[in-house]
file start-v6.tsv (TSV, C-alpha atoms and all ligand atoms)
chain	number	residue	atom	x	y	z
A	1	MET	CA	-24.14	4.06	-21.65
A	2	LEU	CA	-22.66	2.12	-24.56
A	3	ASN	CA	-19.19	3.08	-23.31
A	4	ILE	CA	-19.94	1.73	-19.84
A	5	ILE	CA	-21.14	-1.60	-21.27
A	6	GLN	CA	-18.09	-1.82	-23.56
A	7	ASN	CA	-15.77	-1.13	-20.60
A	8	LYS	CA	-17.49	-3.78	-18.45
A	9	VAL	CA	-17.23	-6.36	-21.24
A	10	PHE	CA	-13.54	-5.50	-21.71
A	11	GLU	CA	-12.91	-5.81	-17.94
A	12	LEU	CA	-14.69	-9.16	-17.81
A	13	LYS	CA	-12.70	-10.53	-20.75
A	14	SER	CA	-9.47	-9.29	-19.23
A	15	GLU	CA	-10.33	-10.89	-15.86
A	16	LEU	CA	-11.15	-14.25	-17.51
A	17	ALA	CA	-7.89	-14.16	-19.48
A	18	TYR	CA	-6.03	-13.40	-16.23
A	19	ARG	CA	-7.66	-16.35	-14.42
A	20	ALA	CA	-6.81	-18.66	-17.35
A	21	ALA	CA	-3.19	-17.47	-17.38
A	22	LEU	CA	-2.88	-18.13	-13.64
A	23	LYS	CA	-4.19	-21.66	-14.10
A	24	LYS	CA	-1.89	-22.31	-17.06
A	25	HIS	CA	1.22	-21.07	-15.25
A	26	GLU	CA	0.52	-23.00	-12.05
A	27	LYS	CA	2.62	-26.01	-13.09
A	28	ASN	CA	5.51	-23.76	-14.21
A	29	LEU	CA	5.94	-21.89	-10.95
A	30	PRO	CA	9.56	-22.06	-9.76
A	31	VAL	CA	10.16	-24.48	-6.95
A	32	ILE	CA	11.25	-22.80	-3.76
A	33	LYS	CA	14.77	-24.21	-3.55
A	34	GLU	CA	15.97	-26.11	-0.56
A	35	GLY	CA	18.34	-23.78	1.26
A	36	ASP	CA	21.59	-24.79	2.94
A	37	THR	CA	19.56	-25.14	6.11
A	38	PRO	CA	15.90	-26.10	6.53
A	39	SER	CA	15.22	-22.67	7.98
A	40	GLU	CA	16.39	-21.01	4.72
A	41	SER	CA	13.80	-22.85	2.58
A	42	LEU	CA	11.19	-22.33	5.27
A	43	HIS	CA	11.94	-18.60	5.22
A	44	GLU	CA	11.04	-18.27	1.51
A	45	ARG	CA	7.91	-20.36	1.95
A	46	LEU	CA	6.90	-18.24	4.97
A	47	ILE	CA	7.25	-15.04	2.92
A	48	CYS	CA	4.99	-16.38	0.10
A	49	ASP	CA	2.39	-17.68	2.55
A	50	ALA	CA	2.36	-14.47	4.59
A	51	LEU	CA	1.90	-12.36	1.44
A	52	LYS	CA	-1.18	-14.42	0.61
A	53	LYS	CA	-2.65	-14.46	4.12
A	54	GLU	CA	-1.65	-11.09	5.60
A	55	GLY	CA	-0.21	-9.08	2.70
A	56	VAL	CA	3.06	-8.41	4.57
A	57	TYR	CA	6.12	-10.26	5.88
A	58	VAL	CA	8.88	-8.55	7.83
A	59	THR	CA	12.41	-9.94	7.83
A	60	THR	CA	16.02	-8.68	7.63
A	61	LEU	CA	18.79	-8.45	5.04
A	62	GLU	CA	20.82	-10.80	7.20
A	63	LYS	CA	18.13	-13.50	7.16
A	64	LEU	CA	17.71	-13.14	3.38
A	65	GLY	CA	21.44	-13.85	3.07
A	66	LEU	CA	21.90	-12.53	-0.48
A	67	ASP	CA	25.46	-12.27	-1.84
A	68	SER	CA	24.85	-8.86	-3.42
A	69	THR	CA	23.67	-7.17	-0.20
A	70	ALA	CA	27.04	-5.67	0.77
A	71	ASN	CA	27.38	-3.92	-2.63
A	72	LEU	CA	23.78	-2.73	-2.43
A	73	LEU	CA	24.27	-1.13	0.98
A	74	TYR	CA	27.56	0.50	-0.03
A	75	LYS	CA	25.99	2.07	-3.13
A	76	ALA	CA	22.79	3.07	-1.31
A	77	SER	CA	24.83	4.86	1.32
A	78	SER	CA	26.84	6.79	-1.29
A	79	GLN	CA	23.65	7.77	-3.20
A	80	LEU	CA	21.90	8.82	0.00
A	81	SER	CA	24.68	11.21	0.93
A	82	ARG	CA	23.96	13.11	-2.31
A	83	MET	CA	20.24	13.52	-1.68
A	84	GLU	CA	18.86	16.68	-0.14
A	85	ALA	CA	15.45	18.00	0.78
A	86	ARG	CA	15.24	20.33	-2.20
A	87	ASN	CA	11.55	20.52	-2.86
A	88	LYS	CA	9.02	22.03	-0.55
A	89	GLY	CA	5.50	21.38	-1.72
A	90	ARG	CA	2.55	23.69	-1.32
A	91	LEU	CA	1.11	24.50	2.12
A	92	GLY	CA	4.39	23.68	3.85
A	93	ARG	CA	4.20	20.05	2.81
A	94	LYS	CA	7.63	18.49	2.48
A	95	LEU	CA	7.52	16.14	-0.49
A	96	PRO	CA	9.67	13.00	-0.43
A	97	GLU	CA	12.95	13.06	-2.34
A	98	ILE	CA	12.84	10.12	-4.76
A	99	HIS	CA	15.66	8.90	-6.99
A	100	THR	CA	15.16	6.17	-9.58
A	101	VAL	CA	18.25	3.99	-9.24
A	102	THR	CA	17.15	1.05	-11.41
A	103	ASP	CA	19.99	1.58	-13.92
A	104	LEU	CA	22.71	1.35	-11.28
A	105	THR	CA	24.16	-2.16	-11.25
A	106	GLU	CA	24.27	-2.63	-7.48
A	107	PHE	CA	20.50	-2.09	-7.25
A	108	SER	CA	19.47	-4.03	-10.35
A	109	VAL	CA	21.65	-7.02	-9.41
A	110	TRP	CA	20.14	-7.19	-5.92
A	111	GLY	CA	16.60	-6.80	-7.28
A	112	SER	CA	17.20	-9.59	-9.81
A	113	GLU	CA	18.43	-12.13	-7.25
A	114	GLU	CA	16.88	-15.51	-8.08
A	115	LYS	CA	15.52	-15.95	-4.58
A	116	LEU	CA	13.55	-12.69	-4.81
A	117	LEU	CA	12.26	-13.39	-8.32
A	118	ASN	CA	11.12	-16.84	-7.19
A	119	ILE	CA	9.26	-15.43	-4.22
A	120	ALA	CA	7.59	-12.82	-6.45
A	121	GLU	CA	6.62	-15.39	-9.12
A	122	ASN	CA	5.26	-17.85	-6.57
A	123	TYR	CA	3.15	-15.13	-5.02
A	124	ILE	CA	2.00	-13.38	-8.21
A	125	GLY	CA	1.39	-16.71	-9.97
A	126	LEU	CA	2.64	-15.51	-13.38
A	127	PRO	CA	6.03	-14.82	-15.01
A	128	VAL	CA	7.25	-11.64	-13.32
A	129	ALA	CA	8.95	-8.40	-14.25
A	130	PHE	CA	11.31	-6.60	-11.88
A	131	GLN	CA	10.10	-3.06	-12.61
A	132	GLY	CA	12.79	-1.13	-10.78
A	133	VAL	CA	13.95	0.62	-7.63
A	134	HIS	CA	13.31	3.93	-5.91
A	135	LEU	CA	15.66	5.30	-3.31
A	136	ARG	CA	13.51	7.51	-1.15
A	137	LYS	CA	13.89	9.99	1.69
A	138	ASP	CA	10.71	10.99	3.51
A	139	PHE	CA	10.65	14.09	5.69
A	140	ASP	CA	8.78	15.31	8.76
A	141	ASN	CA	5.25	16.50	8.10
A	142	LYS	CA	2.43	17.56	10.37
A	143	ASN	CA	-0.51	16.46	8.20
A	144	GLN	CA	-1.42	13.43	6.11
A	145	PHE	CA	-1.13	13.78	2.32
A	146	GLY	CA	0.18	11.65	-0.57
A	147	THR	CA	1.48	8.27	0.60
A	148	LEU	CA	0.90	9.31	4.23
A	149	LEU	CA	-2.78	8.69	3.52
A	150	TRP	CA	-4.05	5.09	3.63
A	151	HIS	CA	-4.13	3.77	0.07
A	152	LYS	CA	-3.58	0.82	-2.26
A	153	ASP	CA	-1.16	0.86	-5.21
A	154	SER	CA	-2.63	0.23	-8.66
A	155	GLU	CA	0.08	-1.06	-11.00
A	156	ASP	CA	-1.18	-4.64	-11.21
A	157	ARG	CA	-3.69	-7.14	-9.83
A	158	ARG	CA	-1.02	-8.62	-7.59
A	159	MET	CA	2.42	-7.15	-7.01
A	160	VAL	CA	5.35	-7.39	-4.60
A	161	LYS	CA	7.12	-4.44	-3.09
A	162	ILE	CA	10.28	-4.98	-1.07
A	163	ILE	CA	11.05	-2.10	1.29
A	164	ILE	CA	14.49	-1.93	2.89
A	165	TYR	CA	15.03	0.51	5.75
A	166	LEU	CA	18.41	2.21	5.34
A	167	THR	CA	18.13	3.97	8.66
A	168	ASP	CA	16.70	2.85	11.99
A	169	VAL	CA	12.95	3.39	11.92
A	170	GLU	CA	11.15	4.04	15.19
A	171	GLU	CA	7.72	5.61	15.66
A	172	LYS	CA	9.17	9.13	15.15
A	173	HIS	CA	10.58	8.15	11.71
A	174	GLY	CA	7.16	7.10	10.36
A	175	PRO	CA	7.25	3.33	9.87
A	176	PHE	CA	5.30	1.49	7.18
A	177	GLU	CA	1.87	0.61	8.57
A	178	TYR	CA	-0.79	-1.71	7.15
A	179	ILE	CA	-4.08	-3.49	7.71
A	180	PRO	CA	-3.68	-7.28	7.39
A	181	VAL	CA	-5.67	-8.54	4.39
A	182	SER	CA	-7.27	-11.10	6.71
A	183	LYS	CA	-9.05	-8.16	8.42
A	184	THR	CA	-10.52	-6.88	5.17
A	185	SER	CA	-11.45	-10.01	3.24
A	186	LEU	CA	-12.84	-9.46	-0.23
A	187	TYR	CA	-16.45	-8.19	-0.31
A	188	SER	CA	-16.75	-8.09	3.50
A	189	TRP	CA	-18.59	-5.03	4.87
A	190	ASP	CA	-15.27	-3.48	6.00
A	191	TYR	CA	-13.81	-4.06	2.51
A	192	CYS	CA	-16.82	-2.37	0.88
A	193	GLN	CA	-16.62	0.64	3.22
A	194	ILE	CA	-12.89	1.06	2.59
A	195	TYR	CA	-13.39	0.70	-1.16
A	196	TYR	CA	-16.15	3.33	-1.07
A	197	LYS	CA	-14.03	5.82	0.89
A	198	LEU	CA	-11.05	5.27	-1.42
A	199	TRP	CA	-13.30	5.73	-4.45
A	200	LYS	CA	-14.74	8.93	-2.94
A	201	SER	CA	-11.20	10.25	-2.46
A	202	GLY	CA	-10.49	9.61	-6.15
A	203	HIS	CA	-8.24	6.74	-5.00
A	204	VAL	CA	-5.88	9.28	-3.45
A	205	GLY	CA	-6.25	7.86	0.05
A	206	ILE	CA	-8.05	8.14	3.37
A	207	SER	CA	-6.99	9.66	6.67
A	208	ASP	CA	-6.40	7.97	10.04
A	209	ALA	CA	-9.65	9.50	11.32
A	210	GLN	CA	-11.65	8.05	8.40
A	211	LEU	CA	-10.09	4.61	8.75
A	212	LYS	CA	-10.70	4.50	12.51
A	213	GLU	CA	-14.44	4.56	11.77
A	214	ILE	CA	-14.06	1.21	9.96
A	215	ILE	CA	-11.03	-0.64	11.40
A	216	PRO	CA	-10.10	-0.21	15.07
A	217	LYS	CA	-6.59	1.10	15.65
A	218	SER	CA	-5.76	-2.10	17.55
A	219	ASP	CA	-5.85	-3.91	14.16
A	220	TRP	CA	-3.37	-1.54	12.48
A	221	LYS	CA	0.08	-3.11	12.19
A	222	SER	CA	3.10	-0.84	12.38
A	223	CYS	CA	6.51	-2.03	11.14
A	224	PRO	CA	9.30	-0.24	13.00
A	225	GLY	CA	12.74	-1.81	12.77
A	226	PRO	CA	16.47	-1.15	12.65
A	227	ALA	CA	18.37	-0.36	9.45
A	228	GLY	CA	18.42	-3.57	7.36
A	229	THR	CA	14.78	-4.41	8.10
A	230	VAL	CA	13.10	-5.79	4.97
A	231	ILE	CA	9.34	-5.61	4.40
A	232	PHE	CA	7.74	-7.77	1.69
A	233	THR	CA	4.26	-6.53	0.85
A	234	ASP	CA	1.60	-6.61	-1.82
A	235	PRO	CA	0.62	-2.91	-1.85
A	236	LYS	CA	-2.30	-3.65	-4.21
A	237	THR	CA	-4.19	-5.98	-1.90
A	238	THR	CA	-2.99	-4.42	1.37
A	239	LEU	CA	-4.22	-1.07	2.65
A	240	HIS	CA	-1.08	0.77	3.79
A	241	HIS	CA	0.67	4.08	4.33
A	242	GLY	CA	3.70	5.73	5.88
A	243	THR	CA	2.87	7.19	9.30
A	244	ILE	CA	3.34	10.87	10.16
A	245	ARG	CA	6.96	11.42	11.15
A	246	THR	CA	8.94	14.03	13.04
A	247	GLU	CA	12.31	12.76	11.78
A	248	GLU	CA	13.33	11.70	8.28
A	249	ARG	CA	13.43	8.12	7.02
A	250	ALA	CA	15.49	6.61	4.19
A	251	ALA	CA	14.45	3.44	2.38
A	252	LEU	CA	14.68	1.49	-0.86
A	253	PHE	CA	11.57	0.29	-2.71
A	254	PHE	CA	11.93	-2.63	-5.16
A	255	VAL	CA	8.86	-3.35	-7.31
A	256	TYR	CA	7.72	-6.57	-9.03
A	257	THR	CA	4.60	-7.17	-11.13
A	258	ALA	CA	3.45	-9.77	-13.63
A	259	ASN	CA	5.44	-9.34	-16.84
A	260	ARG	CA	2.30	-7.92	-18.39
A	261	PRO	CA	0.97	-5.71	-15.60
A	262	LYS	CA	-2.61	-4.52	-15.70
A	263	ARG	CA	-1.54	-0.84	-15.73
A	264	PRO	CA	1.85	-0.72	-17.55
A	265	GLU	CA	1.60	3.08	-17.78
A	266	LEU	CA	1.95	3.25	-13.97
A	267	CYS	CA	5.17	1.19	-14.04
A	268	THR	CA	7.25	3.54	-16.20
A	269	GLN	CA	8.02	5.67	-13.10
A	270	TYR	CA	10.47	2.96	-11.98
A	271	TRP	CA	12.81	3.49	-14.94
A	272	ASP	CA	11.88	6.70	-16.79
A	273	ASP	CA	12.54	10.37	-15.92
A	274	THR	CA	9.53	10.90	-13.63
A	275	PHE	CA	11.98	11.17	-10.73
A	276	ALA	CA	15.65	12.15	-10.58
A	277	ARG	CA	18.05	9.58	-12.03
A	278	PRO	CA	21.53	9.84	-10.49
A	279	GLU	CA	23.31	8.37	-13.52
A	280	LEU	CA	21.80	11.10	-15.76
A	281	MET	CA	22.71	13.77	-13.21
A	282	GLN	CA	26.28	12.45	-13.22
A	283	THR	CA	26.46	12.62	-17.04
A	284	ALA	CA	25.18	16.21	-16.98
A	285	ILE	CA	27.86	17.22	-14.44
A	286	GLN	CA	30.61	15.59	-16.57
A	287	LYS	CA	29.48	17.53	-19.68
A	301	FE	FE	1.84	2.67	-1.60
call {"tool": "encode", "arguments": {"input": "start-v6.tsv", "output": "structure tokens"}}
result
Amino acid sequence: MLNIIQNKVFELKSELAYRAALKKHEKNLPVIKEGDTPSESLHERLICDALKKEGVYVTTLEKLGLDSTANLLYKASSQLSRMEARNKGRLGRKLPEIHTVTDLTEFSVWGSEEKLLNIAENYIGLPVAFQGVHLRKDFDNKNQFGTLLWHKDSEDRRMVKIIIYLTDVEEKHGPFEYIPVSKTSLYSWDYCQIYYKLWKSGHVGISDAQLKEIIPKSDWKSCPGPAGTVIFTDPKTTLHHGTIRTEERAALFFVYTANRPKRPELCTQYWDDTFARPELMQTAIQK
């Protein structure tokens, strides 16, 4: 009992400190720069606003217009060609192949583009940390498990994930799918039911069938798109998953949090040895 009270007091203190930090940093938020054209500045503003209102904004690499995109795509393509479906999980589940590519310059330079950092800081409301990048191949599976279940990420109170499709993604490739945050406003009945089901699952995730009982399928938003589609999302506030696929999908995942995230231990996966790191594999081959 004493432990529970101590934890609640700690959580309350931490929440108050977070609110105070947000207030303090408000005047230091980077100004969204005027682009060469009005539509460029509008684009960045639209992304920030959509993250707040809906939790997701879908755009393209072309519209982002970043100088480092060509190098990023060249390197991503060469890394992808070296990835194989090596690991079969239990019960015939095909686990995703994930490579941590944060240390490779082409990925870190793109992820550190000022425009992206500004969007992340304006949305998160605090100085931000670019945590890193996963290059990921997801394979066909018949049943929902892992990130195929509806879930929320837990690294921080607010975060930004930028997903770039490296291959065309139609329904059969399992597009990213989400529930707009406007449909599950905080402490609404739907929010409480979702929270309860997630809690009951041990925060692993809930199935399509379970979610249908709370949110009608007509409110689920799927994000198919050609290679080069870019999805900005806050995976902490937005219920999301990858849909069941019959053909594989390749994508990059860039992750941003506040520079002191709530759960720093969950952020190490973006730069440590949790997943394969191509630069280490290369060194091992050379030895
Ligand atoms: Fe997720």
call {"tool": "residues_around", "arguments": {"input": "start-v6.tsv", "residues": "segment 189-193 of chain A", "least_positions_apart": "4", "cutoff": "8 Å", "atoms": "only C-alpha atoms", "output": "ChimeraX atom specification"}}
result
/A:184-185,197,214-215
call {"tool": "closest_atom_pairs", "arguments": {"input": "start-v6.tsv", "of": "chain A", "to": "ligand FE 301 (chain A)", "cutoff": "12 Å", "atoms": "all atoms listed in the file", "output": "tab-separated table"}}
result
residue	atom	partner	partner_atom	distance
A:Gly146	CA	A:FE301	FE	9.2
A:Thr147	CA	A:FE301	FE	6.0
A:Leu148	CA	A:FE301	FE	8.9
A:Leu149	CA	A:FE301	FE	9.2
A:Trp150	CA	A:FE301	FE	8.2
A:His151	CA	A:FE301	FE	6.3
A:Lys152	CA	A:FE301	FE	5.8
A:Asp153	CA	A:FE301	FE	5.0
A:Ser154	CA	A:FE301	FE	8.7
A:Glu155	CA	A:FE301	FE	10.3
A:Met159	CA	A:FE301	FE	11.2
A:Val160	CA	A:FE301	FE	11.1
A:Lys161	CA	A:FE301	FE	9.0
A:Ile162	CA	A:FE301	FE	11.4
A:Ile163	CA	A:FE301	FE	10.8
A:Phe176	CA	A:FE301	FE	9.5
A:Glu177	CA	A:FE301	FE	10.4
A:Tyr178	CA	A:FE301	FE	10.1
A:His203	CA	A:FE301	FE	11.4
A:Val204	CA	A:FE301	FE	10.3
A:Gly205	CA	A:FE301	FE	9.8
A:Thr233	CA	A:FE301	FE	9.8
A:Asp234	CA	A:FE301	FE	9.3
A:Pro235	CA	A:FE301	FE	5.7
A:Lys236	CA	A:FE301	FE	8.0
A:Thr237	CA	A:FE301	FE	10.5
A:Thr238	CA	A:FE301	FE	9.1
A:Leu239	CA	A:FE301	FE	8.3
A:His240	CA	A:FE301	FE	6.4
A:His241	CA	A:FE301	FE	6.2
A:Gly242	CA	A:FE301	FE	8.3
A:Thr243	CA	A:FE301	FE	11.8
A:Phe253	CA	A:FE301	FE	10.1
A:Phe254	CA	A:FE301	FE	11.9
A:Val255	CA	A:FE301	FE	10.9
call {"tool": "residues_around", "arguments": {"input": "start-v6.tsv", "residues": "Asp103 of chain A", "least_positions_apart": "5", "cutoff": "12 Å", "atoms": "only C-alpha atoms", "output": "list of chain:residue names"}}
result
A:Ser108, A:Val109, A:Trp110, A:Gly111, A:Gln131, A:Gly132, A:Val133, A:His134, A:Tyr270, A:Trp271, A:Asp272, A:Asp273, A:Ala276, A:Arg277, A:Pro278, A:Glu279, A:Leu280
call {"tool": "atom_distance", "arguments": {"input": "start-v6.tsv", "atom1": "atom CA of Thr246 of chain A", "atom2": "atom CA of Ala227 of chain A"}}
result
17.6 Å
call {"tool": "closest_residue", "arguments": {"input": "start-v6.tsv", "among": "A:Pro30, A:Gly55, A:Gly225, A:Pro216", "to": "Leu126 of chain A", "atoms": "all atoms listed in the file"}}
result
A:Pro30
call {"tool": "atom_distance", "arguments": {"input": "start-v6.tsv", "atom1": "atom CA of Glu113 of chain A", "atom2": "atom CA of Asp67 of chain A"}}
result
8.9 Å
call {"tool": "closest_residue", "arguments": {"input": "start-v6.tsv", "among": "A:Glu44, A:Asp208, A:Asp156, A:Glu97", "to": "Asp138 of chain A", "atoms": "all atoms listed in the file"}}
result
A:Glu97
call {"tool": "closest_residue", "arguments": {"input": "start-v6.tsv", "among": "A:Ala70, A:Arg45, A:Phe275, A:Ala120", "to": "His99 of chain A", "atoms": "all atoms listed in the file"}}
result
A:Phe275
call {"tool": "closest_residue", "arguments": {"input": "start-v6.tsv", "among": "A:Leu266, A:Ala250, A:Leu61, A:Ile179", "to": "Ile231 of chain A", "atoms": "all atoms listed in the file"}}
result
A:Leu61
call {"tool": "atom_distance", "arguments": {"input": "start-v6.tsv", "atom1": "atom CA of Thr59 of chain A", "atom2": "atom CA of Thr229 of chain A"}}
result
6.0 Å
